[in-house]
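Encoded as structure tokens, the structure appears first; notes follow it.
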There are 2 protein chains.
Amino acid sequence: MSNANGQTSLGHGYYLEDLSPGMEASVSKVITDADVSAFAELSGDINPVHLNDEFAATTVFKKRIAHGFLTGALFSTVLGTKLPGPGCIYLAQGLKFRAPVYIGDEVVATCRITAVDTAKSRVTLACDCSVNGKTVLEGEAVMMVDRKA
Amino acid sequence: MSNANGQTSLGHGYYLEDLSPGMEASVSKVITDADVSAFAELSGDINPVHLNDEFAATTVFKKRIAHGFLTGALFSTVLGTKLPGPGCIYLAQGLKFRAPVYIGDEVVATCRITAVDTAKSRVTLACDCSVNGKTVLEGEAVMMVDRKA
């Protein structure tokens, strides 16, 4: 969905008038070892629980886990590309880390609209990341969404 | 801080007994165009406000902005590598996006301990990302921290 200049072809997402509680969208991603390394490089978060097998073995997780913000970024992907999609403005996101995500896990991130405040042009969504049907991360997002011209 | 196998050499971070309110740590990072592209690739968040100059020009931001989760990941970097550092477990993070981060901005992420709950082994931190001294992102983190053996 990007051209040679890295420009994406996504158009404007939903407008406020087209959104209602209950609408939802998801993305899924298998978290690879390369993803974890790339995220460590990008963020500078080289916590050994993500990168060092020996250290990870000494923790409650027993083996290396993905960065929580890598999992959480999938909420941004749903919100920024699908629902509400391009044009919305991220105001707030809560993140409650419920369980670890291991290398090779497939994460499904789902965001479901729980409220539309037409006066303030704000939409609230319940966000959930799950692995094999078990919630690993959840939280609420608040977005500002354009009205139709 | 990584060896040829990508294993980091960071040891265990602070233990609960060594933490007290007022302690703080920071990291800084200049957000580059390459960082934004890498984050889009990694997360799948190809919202054109991050990648497409023409689209971004039509938004309230006027030009391309960094992903909020890329900025927010710097909290994870502070928490996971400095304070409390390796060994802590991320329980929760709040994120309130206050202002955009543009390509080339230097973000300073600071986390400051506001409470230590010795009974629950939990530490709460006030987290702030700023650009040129202006807060662009803030929120509270809650970590579980190991006690000394």
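In the structure tokens, chains take letters A, B, ... by order of appearance, with residues numbered from 1 within each chain and ligands from 1 in the order shown.
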Non-local contacts of region 57-60 of chain B (12 Å; only C-alpha atoms; under 4 positions in same chain excluded) as number ranges by chain: A: 11-12, 86-89, 144-146; B: 48-53, 64-65, 99-100
Find the residues around Asp18 (chain B) up to 10 Å (only C-alpha atoms counted), leave out those fewer than 4 positions away in its own chain, and share them as a PDB file with C-alpha atoms, in the first residue's frame.
ATOM      1  CA  TYR B  14      16.940  -1.695  40.768  1.00  0.00           C
ATOM      2  CA  PRO B  84      13.542   0.451  37.495  1.00  0.00           C
ATOM      3  CA  ARG B 147      12.530  -7.611  46.017  1.00  0.00           C
ATOM      4  CA  LYS B 148      16.033  -8.544  47.067  1.00  0.00           C
TER       5      LYS B 148
END
Filtered DSSP result for chain B, state helix (DSSP H, G or I), as a ChimeraX atom specification: /B:16-18,33-43,48-51,53-57,68-81
9 Å contact set for Gly139 (chain A), only C-alpha atoms, chain neighbours under 3 positions out, as a PyMOL selection string: (chain A and resi 93-97+125-128) or (chain B and resi 94)
Please produce a file of the residues just selected, as an mmCIF file, in the first residue's frame, where the atoms kept are C-alpha atoms.
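To be explicit, this is the file written out as out-v4.cif:
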data_model
loop_
_atom_site.group_PDB
_atom_site.id
_atom_site.type_symbol
_atom_site.label_atom_id
_atom_site.label_comp_id
_atom_site.auth_asym_id
_atom_site.auth_seq_id
_atom_site.Cartn_x
_atom_site.Cartn_y
_atom_site.Cartn_z
ATOM 1 C CA GLN A 93 -4.565 5.301 25.122
ATOM 2 C CA GLY A 94 -4.620 3.176 28.223
ATOM 3 C CA LEU A 95 -2.534 -0.012 28.330
ATOM 4 C CA LYS A 96 -2.933 -2.798 30.877
ATOM 5 C CA PHE A 97 -0.459 -5.590 30.302
ATOM 6 C CA LEU A 125 -12.889 2.464 21.813
ATOM 7 C CA ALA A 126 -12.285 -0.636 23.911
ATOM 8 C CA CYS A 127 -8.997 -2.163 22.726
ATOM 9 C CA ASP A 128 -7.920 -5.751 23.216
ATOM 10 C CA GLY B 94 -1.346 5.608 30.401
#
Strand (DSSP E or B) positions in region 39-105 of chain A, given as a PyMOL selection string: chain A and resi 65+89-97+102
Could you please take those selected residues and save N, CA, C and O atoms as a CSV table (one decimal), in the first residue's frame?
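File result-v7.csv, as written:
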chain,number,residue,atom,x,y,z
A,65,ILE,N,10.4,-12.3,25.8
A,65,ILE,CA,9.0,-11.8,25.5
A,65,ILE,C,9.2,-10.6,24.6
A,65,ILE,O,10.2,-10.0,24.5
A,89,ILE,N,-7.3,11.8,15.1
A,89,ILE,CA,-6.2,12.3,16.0
A,89,ILE,C,-6.2,11.5,17.3
A,89,ILE,O,-7.3,11.5,18.0
A,90,TYR,N,-5.1,11.0,17.6
A,90,TYR,CA,-5.0,10.1,18.9
A,90,TYR,C,-4.9,11.1,20.1
A,90,TYR,O,-4.0,11.9,20.2
A,91,LEU,N,-5.8,10.9,21.0
A,91,LEU,CA,-5.8,11.8,22.2
A,91,LEU,C,-5.3,11.0,23.4
A,91,LEU,O,-4.6,11.6,24.2
A,92,ALA,N,-5.7,9.8,23.5
A,92,ALA,CA,-5.3,9.0,24.7
A,92,ALA,C,-5.4,7.5,24.5
A,92,ALA,O,-6.2,7.0,23.6
A,93,GLN,N,-4.5,6.8,25.2
A,93,GLN,CA,-4.6,5.3,25.1
A,93,GLN,C,-4.2,4.8,26.5
A,93,GLN,O,-3.1,5.2,27.0
A,94,GLY,N,-5.0,3.9,27.0
A,94,GLY,CA,-4.6,3.2,28.2
A,94,GLY,C,-4.1,1.8,27.8
A,94,GLY,O,-4.6,1.2,26.9
A,95,LEU,N,-3.1,1.3,28.6
A,95,LEU,CA,-2.5,0.0,28.3
A,95,LEU,C,-2.4,-0.8,29.6
A,95,LEU,O,-1.7,-0.3,30.6
A,96,LYS,N,-3.1,-1.9,29.7
A,96,LYS,CA,-2.9,-2.8,30.9
A,96,LYS,C,-2.4,-4.1,30.4
A,96,LYS,O,-3.0,-4.8,29.6
A,97,PHE,N,-1.2,-4.4,30.8
A,97,PHE,CA,-0.5,-5.6,30.3
A,97,PHE,C,-0.9,-6.8,31.2
A,97,PHE,O,-0.6,-6.8,32.4
A,102,TYR,N,5.0,-14.0,23.6
A,102,TYR,CA,6.3,-14.7,23.3
A,102,TYR,C,6.6,-14.6,21.8
A,102,TYR,O,5.7,-14.4,21.0
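Between chain B and the residues A:Val116, A:Cys111, A:Leu16, A:Ala141, the shortest atom-to-atom distance, using only C-alpha atoms, involves A:Ala141.
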Neighbouring residues of region 70-78 of chain B were defined as those with any atom within 7 Å, considering only C-alpha atoms; residues of the same chain fewer than 5 positions away were excluded. Please report them as a compact mmCIF listing (two decimals) with all heavy atoms, in the first residue's frame.
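Writing done, so here's out_11.txt:
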# COMPACT_ATOMS: atom_id res chain seq x y z
N SER A 43 13.71 1.67 19.35
CA SER A 43 13.34 2.36 20.60
C SER A 43 14.51 2.55 21.54
O SER A 43 14.47 3.40 22.43
CB SER A 43 12.26 1.55 21.32
OG SER A 43 12.79 0.30 21.76
N GLY A 44 15.53 1.72 21.38
CA GLY A 44 16.62 1.72 22.37
C GLY A 44 16.29 0.88 23.59
O GLY A 44 17.06 0.83 24.55
N ASP A 45 15.13 0.20 23.59
CA ASP A 45 14.76 -0.63 24.74
C ASP A 45 15.43 -2.00 24.59
O ASP A 45 14.89 -2.91 23.97
CB ASP A 45 13.25 -0.79 24.84
CG ASP A 45 12.86 -1.53 26.12
OD1 ASP A 45 13.76 -2.08 26.80
OD2 ASP A 45 11.66 -1.59 26.42
N PHE A 69 5.18 -2.43 24.11
CA PHE A 69 4.82 -1.36 23.18
C PHE A 69 4.77 -1.84 21.73
O PHE A 69 4.13 -1.20 20.89
CB PHE A 69 5.77 -0.16 23.31
CG PHE A 69 5.21 0.91 24.21
CD1 PHE A 69 5.30 0.79 25.58
CD2 PHE A 69 4.57 2.01 23.67
CE1 PHE A 69 4.78 1.78 26.40
CE2 PHE A 69 4.05 2.99 24.49
CZ PHE A 69 4.14 2.88 25.86
N ALA B 25 14.75 9.10 35.71
CA ALA B 25 15.71 8.79 34.66
C ALA B 25 15.13 9.23 33.33
O ALA B 25 13.90 9.34 33.18
CB ALA B 25 16.03 7.30 34.64
N SER B 26 16.01 9.46 32.37
CA SER B 26 15.58 9.96 31.06
C SER B 26 16.36 9.30 29.93
O SER B 26 17.47 8.80 30.14
CB SER B 26 15.82 11.48 30.95
OG SER B 26 15.10 12.19 31.91
N VAL B 27 15.77 9.32 28.76
CA VAL B 27 16.50 9.03 27.53
C VAL B 27 16.07 10.11 26.52
O VAL B 27 15.00 10.70 26.65
CB VAL B 27 16.20 7.64 26.92
CG1 VAL B 27 16.63 6.53 27.86
CG2 VAL B 27 14.76 7.49 26.51
N PHE B 39 9.10 2.14 11.84
CA PHE B 39 7.99 1.85 12.74
C PHE B 39 6.73 1.48 11.95
O PHE B 39 5.97 0.59 12.35
CB PHE B 39 7.71 3.05 13.65
CG PHE B 39 6.77 2.73 14.77
CD1 PHE B 39 7.24 2.16 15.95
CD2 PHE B 39 5.41 2.96 14.65
CE1 PHE B 39 6.37 1.85 16.98
CE2 PHE B 39 4.54 2.65 15.68
CZ PHE B 39 5.02 2.09 16.85
N LEU B 83 15.27 2.76 34.91
CA LEU B 83 14.54 2.92 36.16
C LEU B 83 13.13 2.40 36.02
O LEU B 83 12.36 3.04 35.29
CB LEU B 83 14.53 4.41 36.57
CG LEU B 83 13.84 4.75 37.89
CD1 LEU B 83 14.72 4.33 39.06
CD2 LEU B 83 13.52 6.25 37.97
N ALA B 109 12.41 11.71 27.05
CA ALA B 109 11.44 10.94 27.84
C ALA B 109 11.98 10.81 29.26
O ALA B 109 13.11 10.37 29.47
CB ALA B 109 11.23 9.56 27.23
N CYS B 111 10.95 9.54 33.29
CA CYS B 111 10.05 8.83 34.20
C CYS B 111 10.52 9.09 35.63
O CYS B 111 11.70 8.90 35.94
CB CYS B 111 10.06 7.33 33.91
SG CYS B 111 9.51 6.92 32.23
N CYS B 127 5.30 9.87 33.79
CA CYS B 127 6.10 9.80 32.58
C CYS B 127 5.79 11.00 31.69
O CYS B 127 4.63 11.36 31.51
CB CYS B 127 5.78 8.52 31.82
SG CYS B 127 6.03 7.02 32.80
Ser28 (chain A) surroundings by only C-alpha atoms, 7 Å radius, close-in-sequence under 4 positions cut, as a PyMOL selection string: chain A and resi 106-109
Save out the residues we just selected, N, CA and C atoms, as an mmCIF file, in the first residue's frame.
data_model
loop_
_atom_site.group_PDB
_atom_site.id
_atom_site.type_symbol
_atom_site.label_atom_id
_atom_site.label_comp_id
_atom_site.auth_asym_id
_atom_site.auth_seq_id
_atom_site.Cartn_x
_atom_site.Cartn_y
_atom_site.Cartn_z
ATOM 1 N N GLU A 106 0.896 -15.250 17.638
ATOM 2 C CA GLU A 106 0.083 -14.411 16.761
ATOM 3 C C GLU A 106 -0.836 -13.554 17.627
ATOM 4 N N VAL A 107 -0.657 -12.244 17.502
ATOM 5 C CA VAL A 107 -1.465 -11.298 18.279
ATOM 6 C C VAL A 107 -2.599 -10.783 17.408
ATOM 7 N N VAL A 108 -3.813 -10.820 17.934
ATOM 8 C CA VAL A 108 -4.962 -10.210 17.264
ATOM 9 C C VAL A 108 -5.363 -8.979 18.058
ATOM 10 N N ALA A 109 -5.283 -7.831 17.418
ATOM 11 C CA ALA A 109 -5.651 -6.565 18.064
ATOM 12 C C ALA A 109 -7.004 -6.120 17.540
#
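When CA of Arg98 (chain B) is paired with CA of Val136 (chain B), their separation reads 4.7 Å.
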